[in-house]
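Structure first, commentary second.
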Amino acid sequence: MKVRPGLLLPAFAWILVSGCFSSAVGAPAPQSGAATARTFLDQYCTGCHNDKAKVGGLSLQSLDVSLVSHNAQSWEKVVKKLRAGLMPPSGAHRPELSSINAFSGWLEGELDRGSAKLVAAAPTMHRLNRAEYANAVRDLLGLEVDTTTLLPADDSSYGFDNMAGTLGVSAALMERYLAAGAKLSRLAIGNANAVPSQKTYSAPADMTQNYHVEGLPFGTRGGLLIRHQFPADGEYAIRVDFLRDYNGSMFGANAKGERLEVSVNGERIRLFDIDTEVIKAGFVETKPLEVRVPLKAGLQSIGVTFPARNYGPVEDSFQPFERSVITLTLGKDWTVLPHVGSVTVTGPFQASGIADTPSRQRIFSCRPASAQQEPACARTIVSTLARRAFRRPVTDEDLESVMSFYEFGRAGKSFESGIELALRRILASPDFVFRLQSEPSSIKAGATYRISDIQLASRLSFFLWSSIPDDELLRVAERGRLRQPTVLEQQVRRMLADPRAEALVSNFGGQWLYLRNLPSIVPALNEFPDFDDNLRQSFRRETEMFLGSIIREDRSIHELLNGNYTFVNERLARHYGIPNVYGSQFRRVTLTDESRRGLLGQGSVLLATSYATRTSPVLRGKWILENILGTPPPEPPPNVPALKESTAAGSAAADSPSVRQRLEEHRANPSCSSCHRMMDPIGFALENFDAVGKWRSKDGRTAVDASGVLVDGTKVTGPASLRQGLMRYSEQFSRTVAEKLLTYGLGRGVEYYDMPVVRSIVRDAARNDYRFSSFILGIVQSQPFQMAVKQQQ
Amino acid sequence: MFLTKRHIPRRTFLRGAGAAVALPFLESMLPAQTPLASSAANPVSRASFIYIPHGAIMSQWTPAQQGTRFDLPPILQSLEPFRDQLTVVSGLEAAMAGPATGESGGDHSRSAAVFLSGARPKHTAGSDVYLGTTVDQLVARKIGQDTPLPSLELGIEDVGYTGICGYGYSCSYLNTISWETPTKPLPMEINPQVVFERLFGDGATAEERIERKKQDRSILDSITHDVARLKKQIGPSDRNRLTDYLDDIREIERRLKLAETAGADSTQAETPIGIPQSFDEHVKLMYDLQVLAFKAEITRVSTFMYSRDNSNRTFPASGVTAPFHGASHHSNRPEAIATYARINAYHISLLGHFLERLRSTPDGDGTLLDHSLVVLGSTMSNGNEHDHAPLPMLIAGGVSGQLRGGRHLQFPARTPLSNLMLACLHKLGIEKESIGDSTGALDI
């Protein structure tokens, strides 16, 4: 709907009354909008949604249509269901889409008019979550660290883990933040007295290592590429162990002539001859390979790989599957090639100093030449760090507090110890760990006010970068210019073009599209022996690059549904049946296969919505309702029997009923059917994609039946026609994207009272061809993002 | 603002006051006010569950006599010094570790999972694993909630195996014996350094660790001033949340104080560097860490796996070079049986190290061993046959006056192991009607 709601009213009234659906807009309204709406409701809705039956817990019988805004919560539900084409249900008498749209448009106009006042703004107290903490540390200290070992995962709600209300605080958690801050301060400054420590990087057990790994030298096969933060200059031991079966035996133990290369920053430091340097026999413990090497402090990359002797898979004489390492029972494995299992870094032994790492260059903005210069230099360093970390100008009180820790750390020790302790103090500060909204004293409780430019800068940077503002953003905010619409837009565009905006892909996209769930999904090996970690990683990468291209190239978000391109490497292209793609690097390809277009053709989504042994039309249907149409179905009622599982052999057994048959049985239960008749046809249309997203025409021995009828009567026969069917509701998809982005951007759930804002964002985006940036700008300029409500006593 | 001058003298004092630090731990830490807090008058028990795969030579494990007058057989011989606090429990079965109807094989794939759950693992190699909440976690929910770590899960062997681990079972079932919920296996940590830092914080020496804890406390102290300032700027409901935060800060301060004392005690154990190559050293270190954690009440519950099922690790210190799993398949040849029994006896001798450390550590009005429950065993009996009864099982410790040692209890053949686990729960004050395949708590 690109028409402004106000214009719809007369047209809508006229259409219903005259009963003529083909006439043009413009005739005067003989009946009020409310009366027409009531007629519409009584004709199509109150048969079920009446006071008696109250189907779905909703009655529209006695709701006053002349006071729509008084029952906004109910009407917003109505609007959503209508806009997503999910009501009236299949089988019921159904008006033309144009009159459904006219009625929805009228309702929306009423709702939008009644919602001038801001009900809820962005939350006012917000803990940095793990991802934000990691990015903040990266931007503050130039330190790239894996925070997953330092901090626990955050709980999520509304589909995201940056929801202020869910980001709780507990003593155990704050202890972890305190410890993380201490560890990172030390790592950033470097520790010339570091004692050895050890970290192991393991390869996923289902990683195929028969081919080149992106990032490792050409002409190599398999292996691991790791990035490790070294705490000091000194000698380090790099130990490599091979991938083993669960019995402890090394894969590829019988290979001849294999060698293993260890490199640091791309430079070979050791080449092991596996034939002579590895004991591979039977039950004897094999000795891991170890090389000791002097290394500098800071981030270095270590590559461990096998020089390719020949085309790897050829060596595997018995290699029926894509996945090279398969253990079915004791001692049986497919591959004859050794695989890297883990790389362990231990050290430093005899730390000899600290190289000038990027972190140190960033922190030590001055270096005192004498003891007299130290306090002034410390003050400079500390205030620079505190301003960035606290995301605001530093006060004397801040400085005094942090400087006392500098002095404490300096006493009897070095200048650097002083800075390290001051940094620890900064990272532990609530001003760093929390985003807090300070309230103006001059206004009354319940009154709305505009947040300061400084606070706007943080909202912006945590939204687009999942991190702290950079210098420029902070500077603009400190000058009070950020609130100017042109300046704000300019900053938003600058930030979207910045590499840090990748956070939108990994955090927003990763959660919206379930990409974060992929690592924990393990398809059953017996059913999907080709599936390996390489494919799992490729799925994630494809969707990330796809979403990234929409953001970077500022494309219409509708392309997420129907884009005619994607990104593949050789492994993925083979999986999809795309010819002529060779090598491990990803590249953009134009899709000729209609079924693969858009997100619904991507392996990531298809895998994330399947079970270990089979597809789930229900999960897929639910995913689309939730994430594409923005109408999540309610949880199943209690005491509903689960779908009867087929025999252990799965749906492959000829005599076991198909998933479709079992679901149809399930749907015979009326308490199930109301939702399943919405979900299931959508999911069935994707049945040509198996549980790992591969095209199939048969499920076991039965031919795949991907046909079905959507709620609005559209007949679908597979992924392509489903996509076309969904594109009729692209407007609702736009609202879903806006709603998800607003949820993520504000850090709170989006409720019915926010829907006028959502619609206004989408209306503005429509004028900009639904480009991604127009959604972001709409959110950033919206009231909830820029305003706050003063809290009640 | 914290006072610099106040800190340095105190540190100096502590350094010189080794005697004060060596005082029984609990006397120096009074602030804990939680109802479960341990005190000399009301000690809180600790619990450790230890799993060894592949079964044992039962003829050399089971005492010939029942009751209190019995001779320790060869495998258990090394535990003679602890006889008073030791109970051998015979006649048990882990039926759930055996094949289900229509299934054959897979015993090693199920055994570890069954140990503390008594439940049959769902037959899947996918991510839809399902078992049951294990006993240690039920204990942790009760007595682990007011310690910094609710429980500690330790292992010896790398468990970086995912996917399928034989006979269509997920590796999750073999990688751990601890399940927080029926669908959430807890990883076993094998790196003593990681465990150590989790318990005591990082730092090269005990002195440095203590210093860093003091610094942390200064930082926390200083943060309370930040909170006071921020409270003036923010709205009332946020103010309430910050008040909660302040309570958390105080709680961390309390724990830090506690941990400082523990850190002083940890001087005996140098920060380990990574994973020792020797099995002997690795196991002893893991036992030491459990003692330290129990002593400082950083945690009260631990699980420990000597090995994964099917492991072919060798144990040079046992004087035998045969690989573990291979040796368990002794084919009833006398010399192979003797070899395997030596491995069993070696594993049990390492338990002696643990019991000795527990017994020599004062705790309240007794020793840690007096207040602990140690459960050790296997869910396999004769590894050669993969059978699951009668199991090698023993329990040790006084469980704060709840358990008497010096006994060999013989129960009717094929009594569920879960009945023993249920009895252990009851000893630890956890009311539970049943777990896994239990039919009623054993009278122990």
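Order determines the names: the first chain of the structure tokens is A, the second B, and so forth; residues in each chain are numbered 1 upward, and ligands are numbered 1 upward as they are shown.
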Open item on the list: Can you pull out the residues contacting stretch 701-717 of chain A? Cut-off 12 Å, using only C-alpha atoms, and skip same-chain residues under 6 positions away; I want them as a ChimeraX atom specification.
Closed with: /A:81-97,100,595,615,617,621,625,650-661,674-690,695,723-729
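With only C-alpha atoms taken into account, the protein and nucleic acid residues at most 7 Å from B:Gly98 (excluding it and anything under 2 positions from it in its own chain) are B:Ala95, B:Met96, B:Ala100, B:Asp107, B:His388.
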Keeping C-alpha atoms, export the residues of the selection given above as a short mmCIF file (atom, residue, chain, number, x, y, z; two decimals), in the first residue's frame.
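selection_20.cif written:
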data_model
loop_
_atom_site.label_atom_id
_atom_site.label_comp_id
_atom_site.auth_asym_id
_atom_site.auth_seq_id
_atom_site.Cartn_x
_atom_site.Cartn_y
_atom_site.Cartn_z
CA ALA B 95 20.43 -51.42 33.37
CA MET B 96 19.95 -48.33 31.25
CA ALA B 100 17.29 -51.51 24.61
CA ASP B 107 27.31 -50.07 25.60
CA HIS B 388 26.40 -53.72 33.60
#
Task: Selection near stretch 558-567 of chain A, 10 Å with only C-alpha atoms, sequence-local residues under 5 positions removed, as a PyMOL selection string - done: chain A and resi 538-539+541-547+549-550+572-573+585-602+628+720+723-724+726-727+730-731+733-734+737+769-772
At a cut-off of 7 Å, can you tabulate as a Markdown table every residue of chain B near chain A together with its closest atom pair and the distance in Å to one decimal, using only C-alpha atoms and ordering rows by chain then number?
| residue | atom | partner | partner_atom | distance |
| --- | --- | --- | --- | --- |
| B:Met1 | CA | A:Ser401 | CA | 6.9 |
| B:Thr4 | CA | A:Phe408 | CA | 6.1 |
| B:Ala125 | CA | A:Ala524 | CA | 5.8 |
| B:Gly126 | CA | A:Ala524 | CA | 4.7 |
| B:Ser127 | CA | A:Val522 | CA | 5.3 |
| B:Pro148 | CA | A:Ala172 | CA | 6.8 |
| B:Gly160 | CA | A:Ser202 | CA | 7.0 |
| B:Tyr161 | CA | A:Ala205 | CA | 5.9 |
| B:Thr162 | CA | A:Ala205 | CA | 5.7 |
| B:Gly163 | CA | A:Val522 | CA | 6.8 |
| B:Ile164 | CA | A:Thr327 | CA | 7.0 |
| B:Cys165 | CA | A:Tyr246 | CA | 6.1 |
| B:Gly166 | CA | A:Thr329 | CA | 4.8 |
| B:Tyr167 | CA | A:Thr329 | CA | 6.0 |
| B:Ala204 | CA | A:Val195 | CA | 6.0 |
| B:Ile219 | CA | A:Arg425 | CA | 5.9 |
| B:Ile223 | CA | A:Ser429 | CA | 6.2 |
| B:Gln233 | CA | A:Ser438 | CA | 4.9 |
| B:Ile234 | CA | A:Ser438 | CA | 4.6 |
| B:Gly235 | CA | A:Gln791 | CA | 5.3 |
| B:Pro236 | CA | A:Gln793 | CA | 5.7 |
| B:Ser237 | CA | A:Gln791 | CA | 6.9 |
| B:Asp238 | CA | A:Met125 | CA | 6.4 |
| B:Tyr245 | CA | A:Val169 | CA | 6.7 |
| B:Asp248 | CA | A:Ala171 | CA | 4.4 |
| B:Ile249 | CA | A:Ala171 | CA | 6.5 |
| B:Glu251 | CA | A:Ala171 | CA | 6.2 |
| B:Ile252 | CA | A:Ala171 | CA | 5.9 |
| B:Ile273 | CA | A:Ser197 | CA | 5.6 |
| B:Gly274 | CA | A:Gln198 | CA | 5.1 |
| B:Asn310 | CA | A:Asn247 | CA | 5.6 |
| B:Ser311 | CA | A:Asn247 | CA | 5.9 |
| B:Asn312 | CA | A:Phe283 | CA | 6.1 |
| B:Arg313 | CA | A:Glu285 | CA | 6.6 |
| B:Pro323 | CA | A:Phe283 | CA | 6.4 |
Go ahead and write the selection's residues with C-alpha atoms as a tab-separated table (two decimals), in the first residue's frame.
chain	number	residue	atom	x	y	z
B	1	MET	CA	37.45	7.12	47.08
B	4	THR	CA	45.98	3.98	48.79
B	125	ALA	CA	23.41	-38.85	16.75
B	126	GLY	CA	21.86	-35.48	16.00
B	127	SER	CA	21.51	-32.42	18.19
B	148	PRO	CA	30.68	-18.58	43.31
B	160	GLY	CA	36.60	-32.33	21.18
B	161	TYR	CA	34.49	-34.99	19.56
B	162	THR	CA	31.19	-34.00	18.11
B	163	GLY	CA	28.63	-35.71	15.98
B	164	ILE	CA	28.45	-39.45	16.10
B	165	CYS	CA	30.33	-41.58	18.60
B	166	GLY	CA	29.46	-45.10	17.58
B	167	TYR	CA	26.24	-47.09	17.28
B	204	ALA	CA	51.53	-15.71	38.18
B	219	ILE	CA	37.82	-0.83	42.22
B	223	ILE	CA	32.43	2.00	41.87
B	233	GLN	CA	21.00	11.67	37.47
B	234	ILE	CA	18.62	8.90	36.54
B	235	GLY	CA	14.96	8.07	36.91
B	236	PRO	CA	13.43	6.30	39.94
B	237	SER	CA	12.98	2.87	38.41
B	238	ASP	CA	16.54	2.84	37.09
B	245	TYR	CA	23.53	-3.57	41.25
B	248	ASP	CA	25.72	-7.27	43.68
B	249	ILE	CA	28.87	-5.21	44.08
B	251	GLU	CA	28.31	-9.52	47.22
B	252	ILE	CA	31.33	-9.61	44.94
B	273	ILE	CA	50.68	-24.38	32.86
B	274	GLY	CA	48.24	-26.06	30.57
B	310	ASN	CA	36.72	-46.47	24.44
B	311	SER	CA	39.85	-44.55	25.39
B	312	ASN	CA	43.06	-46.32	24.62
B	313	ARG	CA	45.21	-44.21	26.78
B	323	PRO	CA	45.96	-49.49	26.34
- [ ] Considering only C-alpha atoms, return as a PyMOL selection string whatever protein or nucleic-acid residues lie within 10 Å of stretch 409-424 of chain B, sequence-local ones (same chain, fewer than 4 positions apart) excluded.
- [x] chain B and resi 47+62-63+65-68+87-96+114-119+134-136+139+373-375+379+388-391+393-395+399+402-403+428-444
- [ ] One decimal, Å: what's the distance from atom CA of A:Ala457 over to atom CA of A:Asn507, could you say?
- [x] 19.2 Å
Task: Using only C-alpha atoms: which of A:Leu337, A:Ala497, A:Gly700, A:Glu214 has the shortest distance to A:Glu570 - done: A:Glu214
TODO: Extract the full set of alpha helix (DSSP H) residues from stretch 222-424 of chain B according to DSSP on the backbone, and format it as a ChimeraX atom specification.
DONE: /B:222-233,236-265,279-295,324-328,334-359,417-424
Task: Exercise: B:Ser349 partners within 12 Å, only C-alpha atoms, chain neighbours under 5 positions left out, as a list in words - done: Pro74, Ile75, Leu76, Gln77, Ser78, Leu79, Glu80, Pro81, Phe82, Asp280, Val283, Lys284, Ala317, Ser318, Arg342, Ile343, Asn344, Phe354, Leu355 and Glu356 of chain B
The selected residues should be written to file as a PDB file, in the first residue's frame (atoms: C-alpha atoms).
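Here's the written file out.pdb:
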ATOM      1  CA  PRO B  74      43.776 -56.246  45.799  1.00  0.00           C
ATOM      2  CA  ILE B  75      42.302 -53.447  43.677  1.00  0.00           C
ATOM      3  CA  LEU B  76      41.107 -51.523  46.751  1.00  0.00           C
ATOM      4  CA  GLN B  77      44.142 -52.371  48.878  1.00  0.00           C
ATOM      5  CA  SER B  78      45.649 -48.897  48.632  1.00  0.00           C
ATOM      6  CA  LEU B  79      42.573 -47.427  50.367  1.00  0.00           C
ATOM      7  CA  GLU B  80      43.327 -49.262  53.625  1.00  0.00           C
ATOM      8  CA  PRO B  81      44.286 -45.978  55.382  1.00  0.00           C
ATOM      9  CA  PHE B  82      40.790 -44.656  54.677  1.00  0.00           C
ATOM     10  CA  ASP B 280      49.380 -39.321  37.044  1.00  0.00           C
ATOM     11  CA  VAL B 283      44.702 -36.579  37.790  1.00  0.00           C
ATOM     12  CA  LYS B 284      46.396 -35.525  41.027  1.00  0.00           C
ATOM     13  CA  ALA B 317      52.859 -45.244  36.040  1.00  0.00           C
ATOM     14  CA  SER B 318      50.770 -48.370  36.575  1.00  0.00           C
ATOM     15  CA  ARG B 342      46.714 -53.526  37.774  1.00  0.00           C
ATOM     16  CA  ILE B 343      45.212 -50.670  35.804  1.00  0.00           C
ATOM     17  CA  ASN B 344      42.162 -50.755  38.099  1.00  0.00           C
ATOM     18  CA  PHE B 354      42.192 -37.213  46.865  1.00  0.00           C
ATOM     19  CA  LEU B 355      40.980 -38.773  50.126  1.00  0.00           C
ATOM     20  CA  GLU B 356      44.275 -37.971  51.795  1.00  0.00           C
TER      21      GLU B 356
END
TODO: Tell me, as JSON, numbers by chain, which residues lie within 8 Å of A:Glu144, counting only C-alpha atoms; anything in the same chain fewer than 4 positions away does not count.
DONE: {"A": [134, 137, 138, 229, 299]}
For the residues in the current selection, export C-alpha atoms as a PDB file, in the first residue's frame.
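In the end it all went to out.pdb:
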ATOM      1  CA  ALA A 134      33.826  -7.231  22.574  1.00  0.00           C
ATOM      2  CA  VAL A 137      37.046  -3.227  23.603  1.00  0.00           C
ATOM      3  CA  ARG A 138      38.136  -3.602  20.005  1.00  0.00           C
ATOM      4  CA  GLN A 229      46.676 -12.627  20.904  1.00  0.00           C
ATOM      5  CA  LEU A 299      47.693 -10.446  17.276  1.00  0.00           C
TER       6      LEU A 299
END
Task: All residues 10 Å or closer to stretch 110-116 of chain A, only C-alpha atoms, same chain fewer than 3 positions away omitted, as an MDAnalysis selection string - done: chainID A and resid 5:6 9 33:34 65:73 75:76 79 104:107 119 752:757 759:760
Open item on the list: Report, in Å to a single decimal, how far apart atom CA of A:Ala180 and atom CA of A:Ile363 are.
Closed with: 17.9 Å
